[in-house]
Structure formats: structure tokens, C-alpha cells
Amino acid sequence: MARFHRRTCIILLLFILFICSMMMALKTLRPDTAGFGDPFGLGLLPELQQRTTLLGNKHSPLTAANGDSVTHTNHLHSIALNSIKTSMASVRKMEEELPSPNYNFHVFYYSWFGNPQYDGKYIHWNHPLVPHWDSKIANNYPKGRHNPPDEIASSFYPELGTYSSKDPSVIEAHMQQMRSASVGVIALSWYPPGMADENGEPAEDLVPLIMDNAHKYNLKVTFHIEPYKDRDDRSMYSNVKYIVDKYGGHPAFYRHKTSTGRTLPMFYVYDSYVTIPEIWANLLTVSGSQSIRNTPYDGLFIALLVEEKHKHEIHRSGFDGIYTYFATNGFSYGSSHHNWPSLKAFCDSSNLMFIPSVGPGYIDTSIRPWNNHNTRNRVNGKYYETAFSAALLVRPEIISITSFNEWHEGTQIEKAVPKKTGQVTYLDYKPHKPTMYLELTRKWSEKYSKEKEQWLM
């Protein structure tokens with residue numbers, strides 16, 4: 001019996017020695033920094049993997065091998081949670097750093113640009129040179145069209161290059177820029193489905209993507225209806241119905257609360273003066289044959305004023321307000337800053353909204369080489385600030401900005417960069433940064449909000 005016990009003990013001892021040998025052999029095959037309980041798939045999280053590696057290097061191999069596996073695993077879970085919390089915090093921080101959107105600041109936006117990558121060709125960047133209506137003058141200026149990407153139809157060059165308005169990354173960048181400028185409403189240039197300006201392509205199918213991205217940045221979208229062929233009271237009723245039916249339920253669809261407490265969509269109507277007041281009255285007065293008033297498609301319709309006489313025509317037409325659009329102080333009666341007080345007084349007495357349009361400057365000689373007398377130098381931002389000062393003096397309910405990206409007319413506040421190619425040297429915002437006009441817009445948005453609080457007291 002004693003012999004049997006000795007034999008059993010020897011067998012058990014040999015088995016234990018075998019197990020220990022196997023464990024030591026396996027240990028030599030593992031990396032020194034590996035500890036028991038390392039989570040599978042750590043390599044799928046590069047940031048977490050890097051932080052874990054750095055953590056492991058702080059301890060000796062012996063400590064790593066002999067540490068409590070449960071404690072180590074819990075520690076890794078803690079690192080993962082902290083990493084996620086850090087990412088979430090950075091997103092929240094970015095949101096906090098962006099100023100609040102000011103829904104009383106509306107900026108005109110154009111989605112008519114295209115390039116070969118997204119559109120198969122350049123659109124608008126290659127805009128033709130517009131000849132002067134007087135053939136004698138026209139003969140003194142060059143003809144033809146621009147040749148992107150180096151030679152484009154603009155006196156400035158965009159930081160994003162010759163982008164396509166269809167590019168989702170461009171749309172997102174634009175929304176972020178607008179939000180950084182504390183703008184709240186995008187006045188989107190709009191043509192009915194299948195229609196476009198003479199140098200563009202139909203872009204109505206971009207509206208859902210623009211609105212989705214606008215909502216992401218808490219921006220709203222209103223529609224700037226362009227003067228398409230045969231626009232009249234009937235087609236406009238159809239347009240408004242289409243827009244409200246298709247986009248009225250979208251959270252980014254802009255509605256304005258009026259002084260009477262009604263909340264209505266707003267429509268800017270470009271070149272409204274081309275159509276006679278009697279036609280507009282059919283649509284915009286209660287007694288009109290195509291009246292949109294007191295229907296589900298009622299709204300605030302804002303007419304473009306160029307000449308002084310337009311104010312009376314606008315009133316007769318049944319419009320709800322006027323805007324001035326042009327960023328050229330002195331170019332027209334409406335765009336001349338010194339006329340804004342009298343226009344505001346007229347609007348107040350006629351129960352109309354007055355929406356002055358401010359802009360950073362104007363230069364369209366890249367497409368109208370004969371029009372240099374209407375160029376307005378930016379003067380390192382002073383021109384823009386002068387326009388804002390003039391607008392605030394009349395205490396408007398809304399200020400419109402011409403423009404976010406009308407590159408042809410040099411009114412853009414979008415980021416522009418210095419560039420020189422061949423014989424072309426583009427204008428830029430130096431000595432300031434590409435964000436200069438976004439920053440100035442934010443400054444005046446905040447100033448407007450503070451002053452408006454005083455107006456209402």
C-alpha cells in the first residue's frame with residue numbers, strides 16, 4: 001500500500017512539473033506587454049490600442065504577467081469608455097464653439113456650380129463673357145468663356161476649388177461655414193424642376209440634401225425664386241404649392257412668425273418688377289383670381305426693389321415686403337444705403353417688411369469686363385461693415401446678405417484663397433484669413449442681436 005502511495009505521488013509530481021513546463025513555454029511565445037484578459041479586437045480601435053500600449057510599457061513584464069486579470073480587463077474597459085467620452089466631448093465642444101444661428105440673418109446661396117468629377121463637365125465656373133448691349137462698346141472687350149480649373153469666372157478663387165454643388169462634402173462645408181458666421185437662414189436660389197438659368201443645369205433635386213445638411217447645423221432654408229421663363233401668377237401658385245407640399249414638413253423649412261402671431265413660409269422673388277402688378281395681385285391679394293391668401297399655401301412674399309417707383313408697385317401687387325439684393329452701394333435706388341431710412345418708413349406706413357441686403361463688395365468684371373464702374377472695393381472689410389451699420393440704423397426685422405457664394409459678382413463671404421495661374425492673379429482677403437468675412441458676419445450678427453433687445457424695450 002505504501003509503495004502504491006509513493007508511485008501515485010511521483011506520477012502527480014511529474015504531471016505538475018509537465019504542466020508548469022508547458023505554461024513557461026507558452027509564456028515565452030507571448031509578447032512581454034501582453035497580460036491575461038487582453039480584449040479581442042483591440043486593433044480595430046487604433047486610438048485605444050495606442051493608449052493601451054503606452055499603458056503596458058509603464059509596467060514590467062513580470063507585473064503584466066502576474067497582475068490580476070479581472071482588474072486589468074476592467075482597466076481596459078475604463079480606457080475604452082473614457083475614449084468614447086472624449087470623442088463625444090469633442091463633438092459637443094465643436095457644437096459649443098459654433099455660435100447660435102441668428103434666424104434674422106438670411107444669406108443668398110447658389111447651388112449651380114459643377115465640375116467634371118460630379119457633373120461630367122464644368123458648370124458656371126466656365127461662365128461666358130457677357131457682351132455689352134451696345135455693339136460699339138462690346139467690340140472693345142474680349143469674348144469667349146473661361147477655362148477652369150485655373151481660369152475661372154470669378155475675380156476671387158474659392159478655398160474649396162472649382163467645386164460641384166452636388167458634392168456632399170462641399171454642402172457640409174458650406175453649412176458649417178454659414179453656421180460659423182452665425183447665419184440662421186439660407187435663401188436658396190431656386191428654379192422649378194427641369195429648369196435652370198441659361199448657363200446652368202437643373203438643380204432642384206439637390207434641395208433635399210441641402211435641407212438635410214442645413215438641419216444638421218440647425219439652419220433653416222427659404223426659397224429665392226428666380227425669374228424663369230413665363231413666370232406668372234398661375235405658375236407661381238404651382239411653384240409655391242410644390243415647395244410647401246414637398247418640403248413644408250422638413251424640420252429645416254423656414255417659417256417666419258409675423259407681428260400678428262401667424263407663422264408663415266417666406267419666399268424671395270427675384271426680378272419681381274418684370275411682372276406687372278396686376279398679375280401679382282391675382283396671386284397675392286385676397287380678391288385675386290389665383291389668390292394664395294388664406295389657403296394652406298399662404299406665405300410672406302418679398303419683392304425685389306431696384307427703382308424708387310417699385311415701392312408703390314410692390315404695394316399694389318400685394319407683396320408682404322421688399323428686399324434690395326444688390327451689394328453695390330449707389331448702383332440702384334434700392335441698393336443705396338442712404339435711401340434705406342425712407343424705404344423703411346414707407347414699409348412701416350404700408351404694413352410691409354423692409355429687408356435691406358448687405359454685401360462685402362462687388363466685382364463682376366470676370367463675366368462683364370465692361371462693368372468696372374460698378375466695382376466696389378472691399379477695403380479690407382470696411383465696405384461690409386459700413387453696409388451693416390447702415391442696415392442696423394433702420395432697425396430691420398431681417399437683414400439679408402448678398403451673398404454666400406455668388407462668385408461671378410464677387411459678393412461671396414465664402415472662404416477664398418490667394419492664387420496665381422499663368423496670366424491670372426486672383427483677388428483675396430489678405431492680410432486677413434480666408435474666414436475673414438465669416439467672422440465679420442458673426443460679429444455683426446451678435447451686434448444685431450444685442451441692439452435688437454434694446455429696440456424691443
# chains A, B, ... in the order shown; residues from 1 in each chain; ligands from 1

call {"tool": "residues_around", "arguments": {"residues": "Met175 of chain A", "least_positions_apart": "6", "cutoff": "7 Å", "atoms": "only C-alpha atoms", "output": "PyMOL selection string"}}
result
chain A and resi 213-214+217

call {"tool": "write_last_selection", "arguments": {"atoms": "N, CA and C atoms", "output": "tab-separated table (two decimals), in the first residue's frame"}}
result
chain	number	residue	atom	x	y	z
A	213	ASN	N	-28.62	68.68	-44.66
A	213	ASN	CA	-27.39	69.21	-44.09
A	213	ASN	C	-27.63	70.50	-43.32
A	214	ALA	N	-28.56	71.30	-43.79
A	214	ALA	CA	-28.91	72.52	-43.06
A	214	ALA	C	-29.45	72.17	-41.68
A	217	TYR	N	-27.03	71.40	-38.95
A	217	TYR	CA	-26.39	72.56	-38.31
A	217	TYR	C	-27.42	73.57	-37.77

call {"tool": "closest_atom_pairs", "arguments": {"of": "segment 186-288 of chain A", "to": "segment 154-170 of chain A", "cutoff": "12 Å", "atoms": "only C-alpha atoms", "output": "Markdown table"}}
result
| residue | atom | partner | partner_atom | distance |
| --- | --- | --- | --- | --- |
| A:Gly200 | CA | A:Ser165 | CA | 11.5 |
| A:Glu201 | CA | A:Ser165 | CA | 11.1 |
| A:Pro202 | CA | A:Lys166 | CA | 11.5 |
| A:Ala203 | CA | A:Lys166 | CA | 8.7 |
| A:Glu204 | CA | A:Lys166 | CA | 11.0 |
| A:Asp205 | CA | A:Lys166 | CA | 9.5 |
| A:Leu206 | CA | A:Lys166 | CA | 6.8 |
| A:Val207 | CA | A:Lys166 | CA | 10.1 |
| A:Pro208 | CA | A:Lys166 | CA | 11.4 |
| A:Leu209 | CA | A:Pro168 | CA | 7.8 |
| A:Ile210 | CA | A:Pro168 | CA | 8.7 |
| A:Met211 | CA | A:Pro168 | CA | 11.8 |
| A:Asp212 | CA | A:Pro168 | CA | 10.7 |
| A:Asn213 | CA | A:Pro168 | CA | 8.8 |
| A:Ala214 | CA | A:Pro168 | CA | 11.9 |

call {"tool": "write_last_selection", "arguments": {"atoms": "N, CA, C and O atoms", "output": "short mmCIF file (atom, residue, chain, number, x, y, z; two decimals), in the first residue's frame"}}
result
data_model
loop_
_atom_site.label_atom_id
_atom_site.label_comp_id
_atom_site.auth_asym_id
_atom_site.auth_seq_id
_atom_site.Cartn_x
_atom_site.Cartn_y
_atom_site.Cartn_z
N GLY A 200 -26.67 77.23 -66.62
CA GLY A 200 -26.64 76.17 -65.63
C GLY A 200 -27.40 74.92 -66.04
O GLY A 200 -27.80 74.75 -67.20
N GLU A 201 -27.57 74.03 -65.08
CA GLU A 201 -28.31 72.79 -65.25
C GLU A 201 -29.35 72.71 -64.13
O GLU A 201 -29.15 73.28 -63.06
N PRO A 202 -30.48 72.03 -64.34
CA PRO A 202 -31.47 71.89 -63.28
C PRO A 202 -30.85 71.34 -62.00
O PRO A 202 -30.04 70.42 -62.04
N ALA A 203 -31.23 71.94 -60.87
CA ALA A 203 -30.62 71.55 -59.59
C ALA A 203 -31.65 71.34 -58.48
O ALA A 203 -31.30 71.26 -57.32
N GLU A 204 -32.93 71.24 -58.86
CA GLU A 204 -33.97 71.09 -57.84
C GLU A 204 -33.77 69.81 -57.02
O GLU A 204 -34.12 69.75 -55.85
N ASP A 205 -33.19 68.77 -57.66
CA ASP A 205 -33.02 67.50 -56.94
C ASP A 205 -31.98 67.59 -55.83
O ASP A 205 -31.84 66.67 -55.03
N LEU A 206 -31.25 68.72 -55.75
CA LEU A 206 -30.28 68.91 -54.67
C LEU A 206 -30.93 69.42 -53.39
O LEU A 206 -30.32 69.37 -52.32
N VAL A 207 -32.15 69.93 -53.50
CA VAL A 207 -32.78 70.58 -52.34
C VAL A 207 -32.87 69.66 -51.13
O VAL A 207 -32.54 70.08 -50.01
N PRO A 208 -33.31 68.39 -51.26
CA PRO A 208 -33.39 67.53 -50.06
C PRO A 208 -32.04 67.38 -49.34
O PRO A 208 -31.99 67.43 -48.11
N LEU A 209 -30.96 67.22 -50.11
CA LEU A 209 -29.63 67.07 -49.50
C LEU A 209 -29.21 68.35 -48.80
O LEU A 209 -28.65 68.32 -47.69
N ILE A 210 -29.50 69.50 -49.42
CA ILE A 210 -29.18 70.78 -48.81
C ILE A 210 -29.96 70.96 -47.51
O ILE A 210 -29.42 71.38 -46.48
N MET A 211 -31.24 70.61 -47.54
CA MET A 211 -32.07 70.77 -46.34
C MET A 211 -31.64 69.82 -45.23
O MET A 211 -31.63 70.20 -44.05
N ASP A 212 -31.27 68.60 -45.58
CA ASP A 212 -30.81 67.65 -44.56
C ASP A 212 -29.54 68.17 -43.87
O ASP A 212 -29.41 68.09 -42.65
N ASN A 213 -28.62 68.68 -44.66
CA ASN A 213 -27.39 69.21 -44.09
C ASN A 213 -27.63 70.50 -43.32
O ASN A 213 -26.98 70.75 -42.30
N ALA A 214 -28.56 71.30 -43.79
CA ALA A 214 -28.91 72.52 -43.06
C ALA A 214 -29.45 72.17 -41.68
O ALA A 214 -29.06 72.77 -40.67
#

call {"tool": "atom_distance", "arguments": {"atom1": "atom CA of Thr258 of chain A", "atom2": "atom CA of Glu307 of chain A"}}
result
26.6 Å

call {"tool": "residues_around", "arguments": {"residues": "Leu392 of chain A", "least_positions_apart": "5", "cutoff": "10 Å", "atoms": "only C-alpha atoms", "output": "list of chain:residue names"}}
result
A:Pro356, A:Ala387, A:Glu397, A:Ile398, A:Ile399, A:Trp444, A:Lys447, A:Tyr448, A:Glu451, A:Lys452

call {"tool": "atom_distance", "arguments": {"atom1": "atom CA of Arg179 of chain A", "atom2": "atom CA of Leu393 of chain A"}}
result
24.7 Å

call {"tool": "atom_distance", "arguments": {"atom1": "atom CA of Ala416 of chain A", "atom2": "atom CA of Glu96 of chain A"}}
result
25.3 Å

call {"tool": "residues_around", "arguments": {"residues": "Asn339 of chain A", "least_positions_apart": "3", "cutoff": "12 Å", "atoms": "only C-alpha atoms", "output": "number ranges by chain"}}
result
A: 305-308, 324, 329-336, 342-346, 354, 356, 390-391, 393-394

call {"tool": "select_by_dssp", "arguments": {"residues": "segment 224-358 of chain A", "states": "helix (DSSP H, G or I)", "output": "PyMOL selection string"}}
result
chain A and resi 233-247+272-274+277-284+310-317+337-349
